[in-house]
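Data first, discussion second: the structure below is written as structure tokens.
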Amino acid sequence: MKATDKFRIEALLRDFHLKPDVRERFQKDPDSVMREYGIDPQYWHLLKEGKLRTLYSMGIHQLLLYHLAHVLGIKRDEYVKRINSPDF
Amino acid sequence: MARLVLGLAASHAPGITARVEEEPPEVRTRVYQNYDKLRGILEEARPDVLLVVANDHVTYMFDIIPQFLVVIADEYEGPPDYEWLRIPKYKVKLHVGLANHILNGLVERGFDVAFSANPLLDHATMNPLHFLASDREKGVIKYPIVSLLTNAFVKPLPPLRRGYQLGLALKRLVEEYPEDLRVAVLATGGLSHDPGGPRWGYVDEKFDRAFLDMLSRGDVEAALNIRPEDALATGGGSYEILNWVVVWGAVEGRPATVMDYVPAYNIGSAWAYWRL
């Protein structure tokens, strides 16, 4: 994964934490928000489907993945399951 | 001249306020009693300024990630997620004179610390202040603070030895400050935890108790030999012990009085102090 791709994904996740409007817009129209953040479309499904294990393996910081989980409504038990499962 | 009158250290886990009901009443009570006791010790010391050593959580230090950062601002209001944390949105005054003195002195001594006038202080700073130094009704922090932030989460991480050296420099700089101030220094964070990681919820009691044992024996060298990868092997958040080591340097490696250790709220929580 290119450093810039990683940064753009992490920037969105960081803003989930700090900017409620970004959270709300992502919940309604994730593709347009990811386009706005310049995230390569090949990664869009990972964010929309909460593929936590894959994102973690790609180097997305664990503290930021938590913000994604919050937006997707993934609770902690499910979070731990996903970040440890090859299915995610 | 200013002088350092007290060192404190306490965990800052957000769950302690945000998810209170996750632990049974006896655990909650024990956790809160530890903060109350530490608050009493702080009040006895009658500080004029509280120097807070805490880490960022890939939030404020994001576009640019310094290893150490001194906040140069007059005031702050936060934390931004105070509603989720279930604490008041506090107004904090910062002691800009001492902060500038520390920043300039650290740079002169070869510590390439960053600085910022636009702080974002998260739960790492604000949760311990909520317990130890707040007037909750008025929504204010009682003491002016100096905020020193560390990088405890994004590799490459500063070695503990560097943090300890920075702490030693902090003590000297405080003592060189010309105003007659009583300064307490507070470390927040740790011990082992893996927030958002594959072992979220796991606490490495062996690691935590070994670190606290070093602290209480004053065995600085043993602690400084802990490498970032050693701490990270116990959890992605465990290197927050860096903050404790900075403050340990500020109290010149004296043995700490470790008050308690409670593995709760997905973290090895601990409370300690150094009376000077």
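Chain lettering (A, B, ...) mirrors the order of the structure tokens, residue numbering begins at 1 for each chain separately, and ligand numbering begins at 1 in order of display.
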### Message
Based on only C-alpha atoms, which of the residues in chain A come within 7 Å of chain B? I want them as a list in words.
### Response
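On the chain A side, the interface is Arg14, Gln62, Leu63, Leu65, Tyr66, Val80, Ile83 and Asn84 of chain A.
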### Message
Can you tell me, as a VMD selection string, which residues in chain A count as helix (DSSP H, G or I) by DSSP?
### Response
chain A and resid 3 to 18 20 to 28 30 to 36 41 to 48 52 to 57 62 to 72 76 to 83
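Here atom CA of Thr150 of chain B stands at a distance of 5.6 Å from atom CA of Gln67 of chain B.
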### Message
At a cut-off of 7 Å, using only C-alpha atoms, what residues contact Val52 of chain B? Leave out same-chain residues fewer than 6 positions from it and give the result as a list in words.
### Response
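Final neighbour list, sorted by chain and number: Thr125, Ile145, Val146, Ser147, Leu148, Val185, Leu186 and Ala187 of chain B.
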Selected residues written out with C-alpha atoms, as a PDB file, in the first residue's frame:
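selection31.pdb, freshly written:
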```pdb
ATOM      1  CA  THR B 125      -4.735  15.004  29.575  1.00  0.00           C
ATOM      2  CA  ILE B 145      -1.110  23.707  33.491  1.00  0.00           C
ATOM      3  CA  VAL B 146       1.852  23.226  31.220  1.00  0.00           C
ATOM      4  CA  SER B 147       1.067  20.550  28.646  1.00  0.00           C
ATOM      5  CA  LEU B 148       3.832  18.320  27.304  1.00  0.00           C
ATOM      6  CA  VAL B 185       4.319  17.105  37.544  1.00  0.00           C
ATOM      7  CA  LEU B 186       1.804  14.501  36.441  1.00  0.00           C
ATOM      8  CA  ALA B 187       2.317  11.529  34.133  1.00  0.00           C
TER       9      ALA B 187
END
```
### Using only C-alpha atoms: which of A:Ile9, A:Leu47, A:Met34, A:Ile60 has the shortest distance to Leu72 of chain A
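Ranking A:Ile9, A:Leu47, A:Met34, A:Ile60 by distance to Leu72 of chain A, first place goes to A:Leu47.
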### Query
Hey, what's within 12 Å of Lys2 of chain A if we count only C-alpha atoms and toss same-chain stuff fewer than 3 positions away? As a VMD selection string, please?
chain A and resid 5 to 9 39 to 40 43 58 to 60
### Task
Please provide as number ranges by chain all residues within 12 Å of Ala13 of chain B, with the sequence filter that same-chain residues fewer than 3 positions apart are discarded (counting only C-alpha atoms).
B: 10, 16-20, 31, 54-55, 57, 85, 122-128, 131, 188-195, 201, 237-238, 240, 262-270
Writer output for current selection, N, CA, C and O atoms, as a compact mmCIF listing (two decimals), in the first residue's frame:
```txt
# COMPACT_ATOMS: atom_id res chain seq x y z
N ALA B 10 -0.75 8.45 36.89
CA ALA B 10 -2.06 7.77 36.91
C ALA B 10 -2.47 7.40 35.50
O ALA B 10 -2.14 8.10 34.54
N ILE B 16 -12.85 4.57 32.03
CA ILE B 16 -13.07 4.84 33.45
C ILE B 16 -14.19 5.86 33.64
O ILE B 16 -14.90 5.85 34.64
N THR B 17 -14.38 6.73 32.64
CA THR B 17 -15.51 7.65 32.72
C THR B 17 -16.59 7.31 31.68
O THR B 17 -17.77 7.41 31.96
N ALA B 18 -16.16 6.87 30.49
CA ALA B 18 -17.12 6.67 29.40
C ALA B 18 -17.95 5.40 29.57
O ALA B 18 -19.10 5.35 29.15
N ARG B 19 -17.33 4.38 30.13
CA ARG B 19 -18.02 3.09 30.25
C ARG B 19 -17.94 2.59 31.69
O ARG B 19 -17.51 1.47 31.96
N VAL B 20 -18.34 3.46 32.58
CA VAL B 20 -18.23 3.20 34.02
C VAL B 20 -18.81 1.85 34.41
O VAL B 20 -18.23 1.09 35.18
N VAL B 31 -11.14 2.11 41.85
CA VAL B 31 -10.50 3.00 40.87
C VAL B 31 -10.71 4.46 41.29
O VAL B 31 -9.76 5.26 41.34
N ALA B 54 1.51 13.79 28.91
CA ALA B 54 0.52 12.85 28.39
C ALA B 54 0.84 12.61 26.91
O ALA B 54 1.63 13.33 26.32
N ASN B 55 0.20 11.61 26.34
CA ASN B 55 0.45 11.33 24.93
C ASN B 55 -0.77 11.66 24.09
O ASN B 55 -1.89 11.72 24.59
N HIS B 57 -3.25 10.58 20.79
CA HIS B 57 -3.79 9.31 20.29
C HIS B 57 -4.04 9.37 18.78
O HIS B 57 -5.13 9.05 18.30
N LEU B 85 -17.11 10.91 26.74
CA LEU B 85 -16.33 10.60 27.95
C LEU B 85 -17.16 10.78 29.23
O LEU B 85 -16.75 10.31 30.30
N ASP B 122 -6.71 15.63 24.52
CA ASP B 122 -7.75 14.59 24.57
C ASP B 122 -7.85 14.00 25.98
O ASP B 122 -7.36 14.57 26.95
N HIS B 123 -8.46 12.82 26.05
CA HIS B 123 -8.69 12.21 27.37
C HIS B 123 -7.40 11.94 28.13
O HIS B 123 -7.41 11.85 29.35
N ALA B 124 -6.28 11.82 27.41
CA ALA B 124 -5.02 11.54 28.09
C ALA B 124 -4.65 12.65 29.06
O ALA B 124 -4.10 12.40 30.14
N THR B 125 -4.96 13.87 28.68
CA THR B 125 -4.74 15.00 29.58
C THR B 125 -5.97 15.28 30.42
O THR B 125 -5.87 15.50 31.64
N MET B 126 -7.14 15.23 29.80
CA MET B 126 -8.32 15.75 30.46
C MET B 126 -8.96 14.80 31.46
O MET B 126 -9.54 15.24 32.45
N ASN B 127 -8.88 13.50 31.23
CA ASN B 127 -9.49 12.58 32.20
C ASN B 127 -8.78 12.64 33.55
O ASN B 127 -9.44 12.75 34.59
N PRO B 128 -7.45 12.57 33.59
CA PRO B 128 -6.80 12.72 34.90
C PRO B 128 -7.05 14.08 35.54
O PRO B 128 -7.23 14.18 36.75
N PHE B 131 -10.31 14.07 37.33
CA PHE B 131 -10.30 13.42 38.64
C PHE B 131 -9.45 14.19 39.67
O PHE B 131 -9.79 14.23 40.85
N THR B 188 0.49 10.71 32.78
CA THR B 188 -0.76 9.97 32.59
C THR B 188 -0.52 8.83 31.61
O THR B 188 0.37 8.88 30.78
N GLY B 189 -1.37 7.79 31.74
CA GLY B 189 -1.34 6.73 30.74
C GLY B 189 -0.94 5.38 31.28
O GLY B 189 -0.66 5.21 32.46
N GLY B 190 -0.90 4.41 30.35
CA GLY B 190 -0.52 3.05 30.70
C GLY B 190 -1.46 2.43 31.71
O GLY B 190 -2.44 3.05 32.11
N LEU B 191 -1.17 1.27 32.11
CA LEU B 191 0.01 0.51 31.70
C LEU B 191 -0.40 -0.33 30.47
O LEU B 191 -0.83 0.23 29.51
N SER B 192 -0.29 -1.66 30.52
CA SER B 192 -0.51 -2.42 29.31
C SER B 192 -1.98 -2.36 28.85
O SER B 192 -2.90 -2.42 29.65
N HIS B 193 -2.15 -2.22 27.54
CA HIS B 193 -3.47 -2.27 26.93
C HIS B 193 -3.30 -2.26 25.42
O HIS B 193 -2.26 -1.85 24.90
N ASP B 194 -4.33 -2.69 24.74
CA ASP B 194 -4.27 -2.82 23.28
C ASP B 194 -5.52 -2.22 22.65
O ASP B 194 -6.31 -2.93 22.02
N PRO B 195 -5.73 -0.93 22.80
CA PRO B 195 -6.98 -0.31 22.32
C PRO B 195 -7.10 -0.42 20.80
O PRO B 195 -6.23 0.05 20.07
N GLY B 201 -8.64 -5.57 25.31
CA GLY B 201 -9.20 -6.17 26.52
C GLY B 201 -8.16 -6.94 27.31
O GLY B 201 -8.34 -7.17 28.50
N GLY B 237 -1.03 0.08 23.17
CA GLY B 237 -1.04 1.29 23.98
C GLY B 237 -0.06 1.28 25.14
O GLY B 237 0.04 2.26 25.88
N SER B 238 0.68 0.19 25.27
CA SER B 238 1.48 0.01 26.49
C SER B 238 2.69 0.92 26.57
O SER B 238 3.26 1.09 27.66
N GLU B 240 2.67 3.91 26.56
CA GLU B 240 2.35 5.11 27.35
C GLU B 240 3.16 5.16 28.64
O GLU B 240 3.18 6.20 29.30
N VAL B 262 -4.78 -1.96 39.33
CA VAL B 262 -6.07 -2.60 39.10
C VAL B 262 -6.21 -2.91 37.61
O VAL B 262 -6.32 -1.99 36.78
N PRO B 263 -6.18 -4.18 37.24
CA PRO B 263 -6.46 -4.51 35.84
C PRO B 263 -7.96 -4.42 35.59
O PRO B 263 -8.72 -5.30 35.98
N ALA B 264 -8.37 -3.30 35.01
CA ALA B 264 -9.80 -3.05 34.80
C ALA B 264 -9.97 -2.07 33.66
O ALA B 264 -9.04 -1.34 33.31
N TYR B 265 -11.16 -2.03 33.09
CA TYR B 265 -11.45 -1.15 31.97
C TYR B 265 -10.49 -1.39 30.81
O TYR B 265 -10.00 -0.45 30.18
N ASN B 266 -10.16 -2.67 30.58
CA ASN B 266 -9.32 -3.07 29.44
C ASN B 266 -7.89 -2.54 29.51
O ASN B 266 -7.24 -2.35 28.48
N ILE B 267 -7.42 -2.28 30.72
CA ILE B 267 -6.09 -1.69 30.86
C ILE B 267 -5.55 -2.03 32.25
O ILE B 267 -6.33 -2.23 33.19
N GLY B 268 -4.25 -2.09 32.35
CA GLY B 268 -3.63 -2.22 33.66
C GLY B 268 -3.50 -0.83 34.27
O GLY B 268 -2.59 -0.08 33.92
N SER B 269 -4.42 -0.46 35.13
CA SER B 269 -4.42 0.89 35.69
C SER B 269 -3.56 0.94 36.95
O SER B 269 -3.60 0.03 37.77
N ALA B 270 -2.83 2.03 37.09
CA ALA B 270 -1.96 2.18 38.27
C ALA B 270 -1.91 3.63 38.69
O ALA B 270 -2.17 4.54 37.88
```
